>>> print(open('work-v1.cif').read())   # mmCIF, C-alpha atoms
data_data
loop_
_atom_site.label_atom_id
_atom_site.label_comp_id
_atom_site.auth_asym_id
_atom_site.auth_seq_id
_atom_site.Cartn_x
_atom_site.Cartn_y
_atom_site.Cartn_z
CA MET N 5 79.16 141.24 106.82
CA THR N 6 79.91 137.83 105.35
CA ALA N 7 78.80 134.62 106.95
CA SER N 8 82.39 133.63 107.72
CA SER N 9 83.27 136.95 109.42
CA SER N 10 80.21 136.77 111.68
CA GLU N 11 80.97 133.26 112.89
CA LYS N 12 82.10 133.05 116.50
CA PRO N 13 85.31 131.12 117.25
CA GLN N 14 84.51 127.60 118.33
CA ARG N 15 85.01 126.91 122.00
CA LYS N 16 87.56 124.27 122.85
CA THR N 17 86.18 121.08 124.27
CA ARG N 18 87.16 119.82 127.70
CA ILE N 19 89.34 117.15 126.07
CA GLN N 20 91.09 119.73 123.87
CA ARG N 21 91.82 121.95 126.88
CA ALA N 22 93.09 118.96 128.84
CA ASN N 23 95.38 117.89 125.99
CA GLU N 24 96.79 121.38 125.57
CA GLN N 25 97.52 121.53 129.29
CA LYS N 26 99.17 118.10 129.13
CA ILE N 27 101.42 119.29 126.30
CA LEU N 28 102.35 122.50 128.12
CA GLU N 29 103.12 120.58 131.30
CA ALA N 30 105.34 118.17 129.37
CA ALA N 31 107.04 121.04 127.53
CA LEU N 32 107.73 122.84 130.80
CA GLU N 33 109.52 119.76 132.09
CA VAL N 34 111.58 119.40 128.91
CA PHE N 35 112.40 123.09 128.40
CA SER N 36 113.35 123.61 132.04
CA GLN N 37 115.90 120.80 131.74
CA HIS N 38 117.28 121.37 128.24
CA GLY N 39 116.42 124.96 127.29
CA PHE N 40 114.78 125.89 124.01
CA ARG N 41 117.66 124.90 121.73
CA GLY N 42 118.29 121.58 123.44
CA SER N 43 114.65 120.48 123.37
CA THR N 44 112.76 118.76 120.56
CA ILE N 45 109.14 118.11 119.65
CA ASP N 46 109.90 114.38 119.95
CA GLN N 47 111.01 114.84 123.58
CA ILE N 48 107.90 116.84 124.40
CA SER N 49 105.53 114.37 122.73
CA GLU N 50 107.21 111.48 124.58
CA GLU N 51 106.93 113.33 127.91
CA ALA N 52 103.27 114.09 127.16
CA GLY N 53 102.55 110.49 126.22
CA MET N 54 101.07 111.34 122.85
CA SER N 55 102.12 111.00 119.23
CA LYS N 56 104.00 113.78 117.47
CA PRO N 57 101.20 114.32 114.87
CA ASN N 58 98.67 114.57 117.69
CA LEU N 59 100.81 117.15 119.49
CA LEU N 60 101.20 119.20 116.30
CA TYR N 61 97.42 119.30 115.98
CA TYR N 62 97.39 121.54 119.06
CA PHE N 63 100.63 123.49 118.57
CA LYS N 64 102.19 124.12 115.17
CA SER N 65 105.83 124.13 116.36
CA LYS N 66 108.24 123.94 119.26
CA GLN N 67 108.43 127.73 119.22
CA ASP N 68 104.65 127.99 119.45
CA ILE N 69 104.67 125.87 122.61
CA HIS N 70 107.61 127.79 124.08
CA GLU N 71 106.03 131.20 123.46
CA THR N 72 102.76 130.06 125.02
CA LEU N 73 104.60 128.91 128.14
CA LEU N 74 106.63 132.12 128.40
CA ALA N 75 103.58 134.33 127.99
CA ARG N 76 101.84 132.54 130.86
CA LEU N 77 105.00 132.55 132.97
CA LEU N 78 105.79 136.24 132.58
CA ASP N 79 102.33 137.35 133.63
CA SER N 80 102.51 135.41 136.91
CA TRP N 81 106.23 136.12 137.39
CA LEU N 82 105.66 139.87 137.44
CA ASP N 83 102.68 139.75 139.78
CA PRO N 84 104.69 139.99 143.05
CA MET N 85 106.44 143.13 141.80
CA ARG N 86 103.12 144.67 140.77
CA LYS N 87 101.94 144.23 144.38
CA LEU N 88 104.73 146.43 145.76
CA SER N 89 102.71 149.45 146.92
CA GLU N 90 103.85 153.03 147.39
CA ASP N 91 101.31 153.40 150.21
CA GLY N 92 102.71 150.61 152.39
CA ASP N 93 105.58 150.57 154.87
CA PRO N 94 108.71 150.69 152.65
CA LEU N 95 110.77 148.02 154.40
CA GLU N 96 107.79 145.68 154.80
CA GLU N 97 106.79 146.16 151.14
CA ILE N 98 110.26 145.12 149.99
CA LEU N 99 110.48 142.21 152.44
CA ASN N 100 107.06 141.03 151.30
CA TYR N 101 108.30 141.12 147.71
CA VAL N 102 111.25 138.95 148.78
CA ARG N 103 108.87 136.48 150.46
CA LEU N 104 106.58 136.29 147.44
CA LYS N 105 109.53 135.71 145.09
CA LEU N 106 110.84 132.95 147.35
CA GLU N 107 107.40 131.33 147.48
CA MET N 108 107.24 131.38 143.68
CA THR N 109 110.70 129.81 143.52
CA ARG N 110 109.55 127.07 145.87
CA ASP N 111 106.24 126.44 144.12
CA TYR N 112 107.35 126.93 140.48
CA PRO N 113 111.02 125.87 140.18
CA ARG N 114 110.68 124.67 136.59
CA GLU N 115 109.20 128.01 135.52
CA SER N 116 112.19 129.77 137.11
CA ARG N 117 114.61 127.56 135.17
CA LEU N 118 112.63 128.10 131.96
CA PHE N 119 112.99 131.86 132.35
CA ALA N 120 116.69 131.56 133.27
CA ASN N 121 117.40 129.41 130.22
CA GLU N 122 115.65 131.91 127.97
CA ILE N 123 117.74 134.78 129.34
CA ILE N 124 120.99 132.80 129.08
CA GLN N 125 120.23 132.02 125.44
CA GLY N 126 119.82 135.70 124.59
CA ALA N 127 116.13 136.24 125.38
CA LEU N 128 115.35 136.13 121.65
CA ARG N 129 111.72 135.19 122.22
CA ILE N 130 110.98 137.66 125.03
CA LYS N 131 113.27 140.61 124.26
CA PRO N 132 110.36 142.89 123.24
CA ILE N 133 108.68 142.12 126.57
CA LEU N 134 111.93 142.74 128.45
CA GLU N 135 112.39 146.08 126.71
CA GLY N 136 108.76 147.05 127.20
CA GLN N 137 106.54 145.60 129.91
CA ILE N 138 109.26 144.35 132.27
CA ASN N 139 111.51 147.40 131.94
CA ASP N 140 108.54 149.75 132.44
CA LEU N 141 107.55 147.92 135.63
CA ILE N 142 111.11 148.05 136.97
CA GLU N 143 111.26 151.78 136.27
CA GLU N 144 107.95 152.34 138.05
CA LYS N 145 108.95 150.43 141.19
CA SER N 146 112.47 151.91 141.17
CA ASP N 147 110.93 155.40 141.25
CA ILE N 148 108.88 154.39 144.30
CA MET N 149 111.99 153.08 146.07
CA ARG N 150 113.96 156.25 145.25
CA LYS N 151 111.13 158.31 146.76
CA TRP N 152 111.29 156.24 149.96
CA MET N 153 115.06 156.72 150.07
CA GLU N 154 114.84 160.46 149.55
CA GLU N 155 112.31 160.62 152.40
CA GLY N 156 114.76 158.74 154.64
CA LYS N 157 112.45 155.74 155.11
CA ILE N 158 115.02 153.21 153.88
CA ASN N 159 118.76 153.38 153.23
CA LYS N 160 119.94 154.72 149.90
CA VAL N 161 120.98 151.97 147.48
CA ASP N 162 120.58 151.58 143.73
CA PRO N 163 116.96 150.38 143.29
CA LYS N 164 117.63 148.38 140.14
CA HIS N 165 120.58 146.57 141.68
CA LEU N 166 118.39 145.91 144.71
CA ILE N 167 115.80 144.26 142.44
CA PHE N 168 118.56 142.22 140.76
CA SER N 169 119.79 141.13 144.19
CA ILE N 170 116.30 139.98 145.20
CA TRP N 171 115.97 138.00 141.98
CA ALA N 172 119.42 136.46 142.38
CA THR N 173 118.99 135.44 146.02
CA THR N 174 115.50 133.99 145.61
CA GLN N 175 115.65 132.33 142.19
CA HIS N 176 119.02 130.76 143.02
CA TYR N 177 117.16 128.11 145.03
CA ALA N 178 115.39 126.89 141.87
CA ASP N 179 117.98 127.59 139.19
CA PHE N 180 120.73 125.85 141.20
CA GLU N 181 118.43 123.39 142.94
CA VAL N 182 120.77 120.39 142.72
CA GLN N 183 123.59 122.34 144.38
CA VAL N 184 121.23 123.69 147.04
CA ARG N 185 119.99 120.20 147.90
CA VAL N 186 123.54 118.85 148.21
CA VAL N 187 124.81 121.72 150.36
CA LEU N 188 121.73 122.16 152.58
CA GLY N 189 120.68 118.52 152.66
CA GLY N 190 117.34 119.40 151.06
CA GLY N 191 115.51 121.99 149.00
CA ILE N 192 113.16 124.77 150.00
CA ASP N 193 110.20 122.51 149.28
CA ASP N 194 111.03 121.25 152.78
CA PRO N 195 109.10 123.56 155.19
CA GLU N 196 112.00 123.81 157.63
CA LYS N 197 114.50 124.70 154.88
CA PHE N 198 112.05 127.23 153.46
CA GLU N 199 111.64 129.00 156.81
CA GLN N 200 115.41 129.08 157.35
CA THR N 201 115.91 130.57 153.89
CA LYS N 202 113.14 133.12 154.33
CA SER N 203 114.52 134.22 157.72
CA TYR N 204 118.01 134.62 156.31
CA LEU N 205 116.85 136.72 153.34
CA GLU N 206 114.66 138.88 155.57
CA GLN N 207 117.67 139.49 157.83
CA LEU N 208 119.90 140.22 154.83
CA PHE N 209 117.64 142.83 153.24
CA THR N 210 116.62 144.33 156.59
CA SER N 211 120.31 144.90 157.42
CA LEU N 212 120.81 146.52 154.02
CA LEU N 213 117.76 148.78 154.05
CA LYS N 214 116.75 149.60 157.62
CA VAL N 215 117.65 153.11 158.70
CA ARG N 216 119.59 153.02 162.00
#
>>> encode(input="work-v1.cif", output="structure tokens")
Amino acid sequence: MTASSSEKPQRKTRIQRANEQKILEAALEVFSQHGFRGSTIDQISEEAGMSKPNLLYYFKSKQDIHETLLARLLDSWLDPMRKLSEDGDPLEEILNYVRLKLEMTRDYPRESRLFANEIIQGALRIKPILEGQINDLIEEKSDIMRKWMEEGKINKVDPKHLIFSIWATTQHYADFEVQVRVVLGGGIDDPEKFEQTKSYLEQLFTSLLKVR
């Protein structure tokens, strides 16, 4: 073994970690507003309050920053679906998934818009993940829902369209936030608006799925 191959990777210093986080936070703000194509390194460096050369010391390109953000986003974005358990009460498991998705929309609106922009632009940077990890998870949870339906525990609907409907009705409040604030007189970051939205979605999906 050569000396170079046995060397351990150097740990990042506290300042390096802090600067990387500052860049990613700035990039999230820029990408969520302008999408990947409409954003520039100059915009991100200005938002981060650091020079362009300093930014490029930490990330080699705009794509490098974007891919890092998406990788972090997708892991947390899929977590609520992973928690949907075959052993739980079917209706409550699905309603809990709706609640968790709505909470994520409330707490991470920019991440929702980042993901939406990536999909709208053709998902070029996450298509392998869509075709692999995400699709596999959807298939797994769809099979669980079909089993519940066959057992008569919830009404029969198309599981994949049900998942799409949950995504559409929860993420709408982040992806169309300006419209939501105008129409409702506030966003779901307002506790009262959040509870109203949660109650409506629970009623909507309960009416769809509950066996009478």
>>> residues_around(input="work-v1.cif", residues="N:Glu71", least_positions_apart="4", cutoff="9 Å", atoms="only C-alpha atoms", output="PyMOL selection string")
chain N and resi 66-67+75-76+129-130
>>> atom_distance(input="work-v1.cif", atom1="atom CA of N:Lys145", atom2="atom CA of N:Gly92")
12.8 Å
>>> resolve_selection(input="work-v1.cif", expression="the PyMOL selection byres ((chain N and resi 121-128) around 10)", output="number ranges by chain")
N: 35-41, 70, 74, 115-120, 129-134, 179
>>> residues_near_point(input="work-v1.cif", point="(110.5, 142.9, 148.1)", cutoff="9 Å", atoms="all atoms listed in the file", output="list in words")
Pro84, Met85, Leu88, Leu95, Glu96, Glu97, Ile98, Leu99, Asn100, Tyr101, Val102, Arg103, Leu104, Lys105, Ile167, Ile170 and Phe209 of chain N
>>> resolve_selection(input="work-v1.cif", expression="the PyMOL selection byres ((chain N and resi 190-206) around 8)", output="list in words")
Leu99, Val102, Arg103, Leu106, Arg110, Asp111, Thr173, Tyr177, Glu181, Val184, Arg185, Val186, Val187, Leu188, Gly189, Gln207, Leu208, Phe209 and Thr210 of chain N
>>> residues_around(input="work-v1.cif", residues="N:Arg150", least_positions_apart="3", cutoff="9 Å", atoms="only C-alpha atoms", output="CSV table (one decimal) with C-alpha atoms, keeping the file's coordinate frame")
chain,number,residue,atom,x,y,z
N,145,LYS,CA,109.0,150.4,141.2
N,146,SER,CA,112.5,151.9,141.2
N,147,ASP,CA,110.9,155.4,141.2
N,153,MET,CA,115.1,156.7,150.1
N,154,GLU,CA,114.8,160.5,149.6
N,155,GLU,CA,112.3,160.6,152.4
N,160,LYS,CA,119.9,154.7,149.9
N,161,VAL,CA,121.0,152.0,147.5
N,162,ASP,CA,120.6,151.6,143.7
N,163,PRO,CA,117.0,150.4,143.3
>>> closest_residue(input="work-v1.cif", among="N:Glu29, N:Glu90, N:Glu107, N:Asp68", to="N:Thr174", atoms="only C-alpha atoms")
N:Glu107
>>> residues_around(input="work-v1.cif", residues="stretch 45-54 of chain N", least_positions_apart="5", cutoff="8 Å", atoms="only C-alpha atoms", output="list in words")
Lys26, Ile27, Glu29, Ala30, Ala31, Val34, Leu59, Ser65 and Lys66 of chain N
>>> atom_distance(input="work-v1.cif", atom1="atom CA of N:His176", atom2="atom CA of N:Pro113")
9.8 Å
>>> closest_residue(input="work-v1.cif", among="N:Gln183, N:Ser55, N:Gly136, N:Ile142", to="N:His165", atoms="only C-alpha atoms")
N:Ile142
>>> atom_distance(input="work-v1.cif", atom1="atom CA of N:Leu78", atom2="atom CA of N:Ile138")
8.8 Å
>>> closest_residue(input="work-v1.cif", among="N:Ser43, N:Leu212, N:Asp93, N:Gly156", to="N:Ser169", atoms="only C-alpha atoms")
N:Leu212
>>> resolve_selection(input="work-v1.cif", expression="the PyMOL selection byres ((chain N and resi 215) around 9)", output="ChimeraX atom specification")
/N:156-159,211-214,216
